[in-house]
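Trainee: See start22.txt below, with compact mmCIF, C-alpha atoms.
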```
# COMPACT_ATOMS: atom_id res chain seq x y z
CA MET A 1 6.56 22.49 -3.42
CA ASN A 2 5.19 19.06 -2.78
CA TRP A 3 1.67 18.95 -1.47
CA LYS A 4 1.59 15.18 -1.15
CA ARG A 5 3.73 13.04 1.08
CA LYS A 6 6.27 11.17 -1.05
CA GLU A 7 5.08 7.59 -1.41
CA GLY A 8 7.43 4.77 -0.48
CA PRO A 9 7.39 1.47 -2.27
CA ALA A 10 4.76 -0.09 -0.03
CA GLN A 11 2.19 2.67 0.45
CA ASP A 12 -0.94 1.28 -1.05
CA LYS A 13 -4.32 2.61 0.08
CA ASP A 14 -4.68 0.23 3.00
CA THR A 15 -1.19 1.01 4.23
CA GLN A 16 -1.95 4.73 4.14
CA LEU A 17 -5.22 4.07 5.95
CA PHE A 18 -3.43 2.14 8.65
CA LEU A 19 -0.85 4.90 9.05
CA GLU A 20 -3.76 7.27 9.58
CA TYR A 21 -5.11 4.86 12.19
CA GLY A 22 -1.71 4.81 13.87
CA LYS A 23 -1.77 8.61 14.20
CA THR A 24 -5.37 9.12 15.24
CA GLY A 25 -6.47 5.80 16.75
CA ASP A 26 -9.83 6.27 15.01
CA PRO A 27 -11.77 3.01 15.65
CA THR A 28 -13.82 3.39 12.45
CA ILE A 29 -10.62 3.01 10.40
CA PHE A 30 -9.75 -0.11 12.38
CA ASN A 31 -13.23 -1.46 11.79
CA ARG A 32 -12.94 -0.89 8.07
CA LEU A 33 -9.61 -2.72 7.85
CA PHE A 34 -10.87 -5.49 10.11
CA ARG A 35 -13.91 -6.13 7.93
CA LYS A 36 -11.70 -6.34 4.86
CA TYR A 37 -8.89 -8.52 6.20
CA SER A 38 -10.36 -10.68 8.96
CA PRO A 39 -11.93 -13.42 6.78
CA LYS A 40 -8.75 -14.03 4.83
CA THR A 41 -6.58 -13.78 7.95
CA LYS A 42 -8.74 -16.36 9.67
CA ALA A 43 -8.49 -18.65 6.65
CA LEU A 44 -4.72 -18.23 6.66
CA ILE A 45 -4.56 -19.14 10.35
CA ALA A 46 -6.78 -22.17 9.75
CA LEU A 47 -4.62 -23.33 6.86
CA LEU A 48 -1.43 -22.93 8.88
CA ALA A 49 -2.69 -24.53 12.02
CA GLY A 50 -5.54 -26.80 10.96
CA LEU A 51 -7.00 -26.31 14.43
CA GLU A 52 -10.41 -26.58 15.97
CA LYS A 53 -12.78 -23.66 15.53
CA MET A 54 -12.27 -22.27 19.03
CA ASP A 55 -8.51 -22.05 18.70
CA THR A 56 -8.75 -20.17 15.41
CA GLU A 57 -11.03 -17.60 17.00
CA ASP A 58 -8.58 -17.19 19.90
CA ILE A 59 -5.68 -16.71 17.52
CA ILE A 60 -7.44 -14.16 15.36
CA GLN A 61 -8.44 -12.17 18.41
CA LYS A 62 -4.81 -12.16 19.57
CA VAL A 63 -3.65 -11.12 16.11
CA PHE A 64 -5.93 -8.08 15.89
CA MET A 65 -5.27 -7.09 19.51
CA LYS A 66 -1.58 -6.95 18.55
CA VAL A 67 -2.51 -4.85 15.52
CA ILE A 68 -4.24 -2.36 17.86
CA GLU A 69 -1.39 -2.34 20.36
CA LYS A 70 1.37 -2.01 17.77
CA ARG A 71 -0.35 0.46 15.45
CA LYS A 72 2.13 3.24 16.27
CA GLU A 73 5.12 0.98 15.71
CA PHE A 74 4.17 0.17 12.14
CA ILE A 75 6.82 1.33 9.66
CA PRO A 76 5.64 1.26 6.03
CA THR A 77 8.66 -0.54 4.57
CA ALA A 78 6.22 -3.30 3.63
CA LYS A 79 2.50 -3.27 2.90
CA PHE A 80 0.00 -3.40 5.73
CA SER A 81 -1.28 -6.78 4.49
CA THR A 82 2.22 -8.28 4.65
CA TRP A 83 2.68 -6.92 8.18
CA LEU A 84 -0.68 -8.33 9.24
CA TYR A 85 0.06 -11.77 7.78
CA THR A 86 3.47 -11.73 9.50
CA ILE A 87 1.78 -11.19 12.85
CA SER A 88 -0.76 -13.92 12.00
CA PHE A 89 1.99 -16.33 11.04
CA ASN A 90 4.07 -15.75 14.18
CA THR A 91 1.05 -15.82 16.50
CA THR A 92 -0.20 -19.06 14.96
CA LEU A 93 3.17 -20.78 15.26
CA THR A 94 3.51 -19.68 18.89
CA HIS A 95 0.04 -21.04 19.58
CA ILE A 96 0.86 -24.36 17.90
CA ARG A 97 4.10 -24.67 19.89
CA ASN A 98 2.30 -24.00 23.17
CA ARG A 99 -0.45 -26.43 22.24
CA LYS A 100 2.06 -29.16 21.38
CA ASP A 101 3.61 -28.77 24.80
CA MET A 102 0.25 -29.47 26.35
CA GLU A 103 -1.03 -32.34 24.25
CA THR A 104 -0.10 -34.67 21.42
CA PHE A 105 -0.87 -33.10 18.08
CA ASP A 106 -2.02 -35.46 15.40
CA ASN A 107 -1.17 -34.41 11.84
CA GLU A 108 -3.24 -37.13 10.19
CA ARG A 109 -6.81 -35.88 10.33
CA ASP A 110 -9.87 -37.82 9.33
CA ALA A 111 -11.80 -35.29 7.26
CA VAL A 112 -15.04 -37.23 7.65
CA ASN A 113 -15.10 -37.23 11.46
CA THR A 114 -13.33 -33.99 12.35
CA ARG A 115 -14.65 -30.62 11.26
CA THR A 116 -12.12 -27.85 10.76
CA PRO A 117 -12.83 -24.16 10.17
CA MET A 118 -12.20 -24.73 6.48
CA ASP A 119 -15.10 -27.18 6.33
CA ASP A 120 -17.55 -24.31 6.57
CA THR A 121 -16.35 -22.90 3.29
CA LEU A 122 -15.01 -25.94 1.52
CA GLY A 123 -17.63 -27.26 -0.79
CA ALA A 124 -15.38 -28.90 -3.34
CA GLU A 125 -13.68 -32.17 -2.69
CA ARG A 126 -10.50 -30.87 -4.34
CA GLN A 127 -10.10 -28.26 -1.63
CA LYS A 128 -10.50 -30.80 1.15
CA HIS A 129 -7.97 -33.12 -0.41
CA LEU A 130 -5.52 -30.25 -0.91
CA ILE A 131 -5.80 -29.34 2.77
CA LEU A 132 -5.23 -32.98 3.78
CA ALA A 133 -2.29 -33.27 1.40
CA MET A 134 -0.72 -30.14 2.91
CA GLU A 135 -0.81 -31.79 6.31
CA GLN A 136 1.51 -34.44 4.95
CA ILE A 137 4.31 -32.24 3.64
CA SER A 138 6.90 -30.79 5.99
CA PRO A 139 5.67 -27.89 8.16
CA ARG A 140 8.23 -25.44 6.72
CA GLN A 141 7.26 -26.30 3.16
CA LYS A 142 3.60 -25.94 4.07
CA GLU A 143 4.16 -22.54 5.72
CA ALA A 144 6.16 -21.13 2.81
CA PHE A 145 3.67 -22.53 0.33
CA ILE A 146 0.64 -21.06 2.13
CA LEU A 147 2.28 -17.65 2.57
CA ARG A 148 2.95 -17.56 -1.17
CA GLU A 149 -0.22 -19.09 -2.56
CA PHE A 150 -2.80 -17.84 -0.14
CA ALA A 151 -1.39 -14.61 1.22
CA GLY A 152 0.39 -13.65 -2.04
CA ILE A 153 3.56 -12.54 -0.25
CA SER A 154 6.80 -12.17 -2.22
CA TYR A 155 9.75 -14.52 -1.69
CA GLN A 156 11.73 -11.68 -0.16
CA ASP A 157 9.06 -10.98 2.45
CA ILE A 158 8.50 -14.66 3.14
CA GLY A 159 12.22 -14.93 3.81
CA GLU A 160 11.97 -12.11 6.37
CA ILE A 161 8.95 -13.66 8.03
CA MET A 162 10.46 -17.13 8.25
CA ASN A 163 14.02 -15.88 8.81
CA LEU A 164 15.33 -17.54 5.65
CA SER A 165 17.21 -16.49 2.55
CA LYS A 166 15.36 -15.99 -0.71
CA SER A 167 16.95 -19.10 -2.23
CA ALA A 168 15.86 -21.19 0.78
CA VAL A 169 12.29 -19.96 0.29
CA GLU A 170 12.47 -20.85 -3.42
CA SER A 171 13.62 -24.33 -2.53
CA LEU A 172 10.92 -24.83 0.12
CA ILE A 173 8.14 -23.74 -2.19
CA PHE A 174 9.43 -25.81 -5.09
CA HIS A 175 9.70 -28.98 -3.00
CA GLY A 176 6.36 -28.28 -1.33
CA ARG A 177 4.69 -28.08 -4.73
CA GLN A 178 6.41 -31.21 -6.01
CA ASN A 179 5.44 -33.19 -2.89
CA LEU A 180 1.83 -32.04 -3.14
CA LYS A 181 1.76 -33.08 -6.76
CA LYS A 182 3.00 -36.56 -5.81
CA ILE A 183 0.54 -36.95 -2.90
CA LEU A 184 -2.46 -35.78 -4.87
CA GLY A 185 -1.36 -37.82 -7.85
CA SER A 186 -1.05 -40.99 -5.78
CA ARG A 187 -4.56 -40.47 -4.41
CA GLY A 188 -5.87 -40.59 -7.94
CA HIS A 189 -6.82 -36.96 -8.12
CA GLY A 190 -4.63 -36.31 -11.12
CA LYS A 191 -3.19 -32.86 -11.09
CA SER A 192 -3.36 -31.02 -7.74
CA MET B 1 19.85 -27.94 -25.19
CA GLU B 2 19.76 -28.02 -21.40
CA SER B 3 17.96 -30.89 -19.75
CA HIS B 4 14.73 -30.74 -17.78
CA GLU B 5 16.59 -31.37 -14.51
CA THR B 6 18.63 -28.21 -14.99
CA TRP B 7 15.49 -26.13 -15.27
CA GLU B 8 13.11 -28.08 -13.08
CA LYS B 9 13.89 -26.20 -9.88
CA ARG B 10 13.26 -22.88 -11.56
CA SER B 11 9.78 -23.78 -12.76
CA SER B 12 8.21 -22.87 -9.41
CA THR B 13 10.11 -19.56 -9.24
CA TYR B 14 9.16 -18.80 -12.84
CA PHE B 15 5.52 -19.50 -12.05
CA ASP B 16 5.62 -17.01 -9.17
CA GLY B 17 7.27 -14.37 -11.38
CA GLU B 18 10.31 -14.23 -9.11
CA LEU B 19 12.99 -15.12 -11.64
CA GLU B 20 15.45 -12.45 -12.80
CA GLU B 21 14.50 -10.97 -16.15
CA ALA B 22 17.27 -12.71 -18.10
CA GLU B 23 16.43 -16.09 -16.56
CA GLN B 24 12.74 -15.51 -17.23
CA VAL B 25 13.48 -15.14 -20.94
CA LEU B 26 15.69 -18.25 -20.98
CA PHE B 27 13.10 -20.31 -19.13
CA SER B 28 10.35 -19.19 -21.50
CA ALA B 29 12.49 -20.43 -24.38
CA HIS B 30 13.13 -23.74 -22.57
CA LEU B 31 9.39 -24.13 -21.93
CA LYS B 32 8.64 -24.37 -25.63
CA ASN B 33 10.63 -27.60 -25.81
CA CYS B 34 10.01 -29.22 -22.42
CA ARG B 35 6.76 -31.09 -21.89
CA LEU B 36 7.64 -31.97 -18.28
CA CYS B 37 8.05 -28.32 -17.25
CA GLU B 38 4.74 -27.53 -18.98
CA GLU B 39 3.06 -30.25 -16.93
CA ASP B 40 4.58 -28.86 -13.75
CA LEU B 41 3.25 -25.39 -14.53
CA ALA B 42 -0.20 -26.81 -15.31
CA SER B 43 -0.16 -28.54 -11.91
CA PHE B 44 0.84 -25.30 -10.16
CA ARG B 45 -1.98 -23.46 -11.96
CA ASN B 46 -4.54 -25.98 -10.75
CA THR B 47 -3.37 -25.64 -7.14
CA ARG B 48 -3.52 -21.87 -7.36
CA GLN B 49 -7.05 -22.06 -8.72
CA VAL B 50 -8.09 -24.15 -5.70
CA PHE B 51 -6.66 -21.49 -3.38
CA ARG B 52 -8.40 -18.73 -5.27
CA ASN B 53 -11.71 -20.39 -4.45
CA PHE B 54 -11.10 -19.88 -0.74
CA THR B 55 -13.20 -16.85 0.05
CA GLY B 56 -12.12 -16.57 3.65
CA ILE B 57 -13.83 -17.50 6.91
CA PRO B 58 -16.08 -14.97 8.65
CA VAL B 59 -15.21 -14.07 12.21
CA SER B 60 -17.85 -14.51 14.92
CA LYS B 61 -19.87 -11.46 16.02
CA GLU B 62 -18.61 -11.81 19.56
CA ILE B 63 -14.98 -11.49 18.50
CA LYS B 64 -15.85 -8.56 16.22
CA HIS B 65 -17.59 -6.79 19.09
CA ASN B 66 -14.71 -7.43 21.53
CA LEU B 67 -12.13 -6.14 19.08
CA PHE B 68 -14.13 -3.05 18.21
CA GLU B 69 -14.56 -2.22 21.89
CA SER B 70 -10.80 -2.65 22.38
CA ALA B 71 -10.13 -0.34 19.43
CA LYS B 72 -12.45 2.29 20.90
CA ALA B 73 -10.77 2.01 24.30
CA ALA B 74 -7.34 2.39 22.67
CA GLU B 75 -8.30 5.56 20.82
CA ASP B 76 -6.03 8.46 21.73
CA PRO B 77 -7.89 11.26 23.54
CA PHE B 78 -7.84 14.56 21.66
CA THR B 79 -5.19 16.96 22.88
CA PHE B 80 -4.55 20.38 21.43
CA ARG B 81 -0.81 19.90 21.66
CA GLN B 82 -0.96 16.74 19.57
CA TRP B 83 -3.19 18.46 17.00
CA LEU B 84 -0.73 21.33 16.85
CA GLN B 85 2.24 19.03 16.36
CA GLU B 86 0.46 17.22 13.54
CA SER B 87 -0.84 20.37 11.90
CA ILE B 88 2.36 22.45 11.96
CA PRO B 89 4.10 20.66 9.05
CA PHE B 90 0.89 20.91 7.03
CA TYR B 91 0.49 24.65 7.53
CA LYS B 92 4.21 25.37 7.43
CA THR B 93 4.46 24.13 3.86
CA ARG B 94 1.36 25.99 2.76
CA PHE B 95 2.34 29.18 4.61
CA ARG B 96 5.71 29.20 2.90
CA PHE B 97 4.03 28.70 -0.46
CA ALA B 98 1.56 31.51 0.24
CA VAL B 99 4.36 33.90 1.25
CA GLU B 100 6.38 33.09 -1.88
CA PHE B 101 3.35 33.46 -4.12
CA ILE B 102 2.29 36.80 -2.62
CA SER B 103 5.88 38.08 -2.81
CA LEU B 104 6.01 37.20 -6.47
CA ILE B 105 2.74 38.96 -7.25
CA ALA B 106 3.74 42.00 -5.18
CA GLY B 107 7.10 42.15 -6.92
CA ILE B 108 5.51 42.05 -10.36
CA THR B 109 2.90 44.64 -9.38
CA LEU B 110 5.49 47.04 -7.94
CA GLY B 111 7.66 46.58 -10.97
CA VAL B 112 4.82 47.46 -13.35
CA LEU B 113 3.67 50.45 -11.27
CA GLY B 114 7.21 51.77 -10.86
CA PHE B 115 7.84 51.53 -14.57
CA GLU B 116 4.62 53.39 -15.37
CA PHE B 117 5.36 56.07 -12.78
CA PHE B 118 8.83 56.92 -14.13
CA GLU B 119 7.65 56.63 -17.69
CA ASP B 120 5.02 59.35 -17.06
CA GLU B 121 7.46 61.69 -15.32
CA LYS B 122 8.34 64.22 -18.17
CA PRO B 123 8.67 67.75 -16.68
CA ASN B 124 8.37 69.78 -19.91
CA GLN B 125 5.21 68.14 -21.03
CA VAL B 126 3.63 68.54 -17.57
CA GLN B 127 4.45 72.23 -17.54
CA ARG B 128 3.16 72.63 -21.06
CA ASN B 129 -0.08 71.01 -20.16
CA GLU B 130 -0.39 73.29 -17.16
CA VAL B 131 0.18 76.35 -19.32
CA TYR B 132 -2.32 75.37 -21.96
CA SER B 133 -5.01 73.89 -19.80
CA THR B 134 -6.48 77.32 -19.04
CA SER B 135 -6.40 78.47 -22.64
CA LEU B 136 -9.45 80.08 -24.08
CA PHE B 137 -9.01 77.96 -27.14
CA GLY B 138 -10.01 74.78 -25.20
CA PRO B 139 -7.80 71.71 -25.07
CA VAL B 140 -4.50 72.31 -26.84
CA PHE B 141 -2.73 69.31 -28.18
CA PRO B 142 1.08 69.24 -28.31
CA GLY B 143 2.37 69.83 -31.85
CA SER B 144 -0.83 71.56 -33.06
CA LEU B 145 -1.01 74.98 -34.80
CA THR B 146 -2.81 76.43 -31.78
CA GLU B 147 0.14 75.51 -29.61
CA SER B 148 2.59 77.23 -31.95
CA TYR B 149 0.44 80.41 -31.97
CA LEU B 150 0.12 80.44 -28.20
CA GLU B 151 3.85 79.92 -27.79
CA MET B 152 4.50 82.97 -29.88
CA GLU B 153 2.05 85.06 -27.80
CA PHE B 154 3.60 83.76 -24.58
CA THR B 155 7.15 84.75 -25.51
CA ARG B 156 6.02 88.15 -26.81
CA ASN B 157 4.27 88.86 -23.48
CA GLU B 158 7.35 87.89 -21.58
CA LYS B 159 9.38 90.42 -23.48
```
So that I can check it, write out the structure of this file as C-alpha cells.
Mentor:
Amino acid sequence: MNWKRKEGPAQDKDTQLFLEYGKTGDPTIFNRLFRKYSPKTKALIALLAGLEKMDTEDIIQKVFMKVIEKRKEFIPTAKFSTWLYTISFNTTLTHIRNRKDMETFDNERDAVNTRTPMDDTLGAERQKHLILAMEQISPRQKEAFILREFAGISYQDIGEIMNLSKSAVESLIFHGRQNLKKILGSRGHGKS
Amino acid sequence: MESHETWEKRSSTYFDGELEEAEQVLFSAHLKNCRLCEEDLASFRNTRQVFRNFTGIPVSKEIKHNLFESAKAAEDPFTFRQWLQESIPFYKTRFRFAVEFISLIAGITLGVLGFEFFEDEKPNQVQRNEVYSTSLFGPVFPGSLTESYLEMEFTRNEK
C-alpha cells in the first residue's frame, strides 16, 4: 500500500505546490510561488527583450495571468520553473513581434543614454557589456544562450521551447558563446 | 591524438554537462592536452559567473497587487461534490488498508482462541474434576494418592 503519490521525474517541491494550486486555486500558494519566481522571470524577460521598463512590467503581468488561467492544464512532465519560463519566453517573443510591427526596433543600444530594467541591478561594468554583447549575436543564439545560462533549462527542454532538435540547440549555444567571446575580446574586456 | 577542431564544438556541451557519459570521459582526457579547449571553458565559466550575479528584478507593487487580486478572483468556490471527488481516493486507499489490517488481526485472534478452546476440551478430565470438586478432602489433583483412594471408594459404592 502506497501512501504517497508516486513521484514523476519532474515533481520537485514547487511543482507539487503548483499542482496543489491547480486543484484548489488557493491564492496564498500562488502568492508564494509569485514571490519566489517573479524577480528572476522579470530578469529573464528583460534579457530576452531588452525593452523599456513599462513593457517588461506588461509582459510579466501577462505571463502570470496565463499561469493563473492555465493552472489546471499544467501536466507535470516538466518542472514548474521550466513551464513558467516557457510561457515567459513565448509571451516575450510575441510581444517583441507585435512591437516590431508597430515601430522600428533598434538593436544597438547606447547604455549611457538609455536605461533598461537591468540597469537597476547591474552594478558591474562586466554585466552591462555582456548584455550589450548579447544584443549583437543572432536572436536565436541569444535566446538559447539565455535559457541555458540564466534559466538553467536543459538542452532537451530548450529544444521543446524553441521547437528545435537537441543538436540544433547545442550548435546555437556553442556559436553564441564563441561569438560573445569574440565580441567581448575585441572590446578589450579579455575573457567574457 | 585528435585535433582541437574535432573537439571544439563539444566544449560547450561538455561545460553544460549534456554530453553522453562515454563522450564526457573522452573529452576529459582530451582536455588534459588541449590548451585551447581549456581557455574556452575558462571563458564559459566567466560568463556563467556574470549571470550568477544577476539577482533578479523586483516587480512593482501595483503589478503584485493586480495579480494577487486576479488569483483571489480565480479561486474555485468550495463545493461539497468537488471535496468528495478529491477525498474519495484518499479514504478509499486507507479504508482498504484498515479493512485488511483488522481482518488480519481478527483472523489471528480467532485462530488463537479456537486453538485454545479445542485444546481445553477433554471430557474425561472435566468429569473427573466435577466428581472430585465436592470431595471432603479438598482439592484433588489428578494422579495423586487421594485420587486413587477416592476412585476405589467410588467403584465400591457403585457395586
Trainee: Any idea which chain A residues end up within 7 Å of chain B if we count only C-alpha atoms, as a JSON list (two decimals) with C-alpha atoms, in the coordinates of the input please?
Mentor:
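Written file, selection-v3.json:
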```
[["chain", "number", "residue", "atom", "x", "y", "z"],
["A", 24, "THR", "CA", -5.37, 9.12, 15.24],
["A", 25, "GLY", "CA", -6.47, 5.80, 16.75],
["A", 26, "ASP", "CA", -9.83, 6.27, 15.01],
["A", 27, "PRO", "CA", -11.77, 3.01, 15.65],
["A", 31, "ASN", "CA", -13.23, -1.46, 11.79],
["A", 38, "SER", "CA", -10.36, -10.68, 8.96],
["A", 39, "PRO", "CA", -11.93, -13.42, 6.78],
["A", 40, "LYS", "CA", -8.75, -14.03, 4.83],
["A", 42, "LYS", "CA", -8.74, -16.36, 9.67],
["A", 43, "ALA", "CA", -8.49, -18.65, 6.65],
["A", 61, "GLN", "CA", -8.44, -12.17, 18.41],
["A", 65, "MET", "CA", -5.27, -7.09, 19.51],
["A", 68, "ILE", "CA", -4.24, -2.36, 17.86],
["A", 121, "THR", "CA", -16.35, -22.90, 3.29],
["A", 127, "GLN", "CA", -10.10, -28.26, -1.63],
["A", 149, "GLU", "CA", -0.22, -19.09, -2.56],
["A", 150, "PHE", "CA", -2.80, -17.84, -0.14],
["A", 170, "GLU", "CA", 12.47, -20.85, -3.42],
["A", 174, "PHE", "CA", 9.43, -25.81, -5.09],
["A", 191, "LYS", "CA", -3.19, -32.86, -11.09],
["A", 192, "SER", "CA", -3.36, -31.02, -7.74]]
```
Trainee: Write out as a VMD selection string each polymer residue whose atoms come within 8 Å of segment 44-50 of chain A, counting all atoms listed in the file; drop sequence neighbours fewer than 2 positions from it.
Mentor: chain A and resid 40 to 42 52 56 59 to 60 88 to 89 92 to 93 96 116 to 118 131 142 to 143 146 150 to 151
Trainee: What are the centre and edge lengths in Å, to one decimal, of the axis-aligned box around all listed atoms of segment 49-58 of chain B with 3 Å added on each side, as AutoDock Vina command-line options?
Mentor:
```
--center_x -11.4 --center_y -19.6 --center_z 0.0 --size_x 15.4 --size_y 15.2 --size_z 23.4
```
Trainee: Mind giving me the straight-line distance from atom CA of Thr15 of chain A to atom CA of Lys79 of chain A in Å, one decimal?
Mentor: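 These atoms are spaced 5.8 Å apart.
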Trainee: Separation of atom CA of Thr86 of chain A and atom CA of Phe15 of chain B, in Å?
Mentor: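 These two atoms are separated by 23.0 Å.
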Trainee: Select all residues near (-5.5, -6.1, 4.5) (cut-off 7 Å, inclusive, file coordinates), counting all atoms listed in the file, and output them as a count of residues only.
Mentor: 6
Trainee: What is the atom CA of Ile183 of chain A to atom CA of Tyr14 of chain B distance in Å?
Mentor: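 Distance between the two atoms: 22.4 Å.
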Trainee: Could you check which of B:Phe101, B:Tyr91, B:Phe117, B:Trp7 is closest to Gln24 of chain B, using only C-alpha atoms?
Mentor: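 Comparing B:Phe101, B:Tyr91, B:Phe117, B:Trp7 against Gln24 of chain B, the winner is B:Trp7.
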Trainee: Could you check which of A:Thr82, A:Met134, A:Gln178, A:His129 is closest to Asp157 of chain A, using all atoms listed in the file?
Mentor: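 The shortest atom-to-atom distance to Asp157 of chain A comes from A:Thr82.
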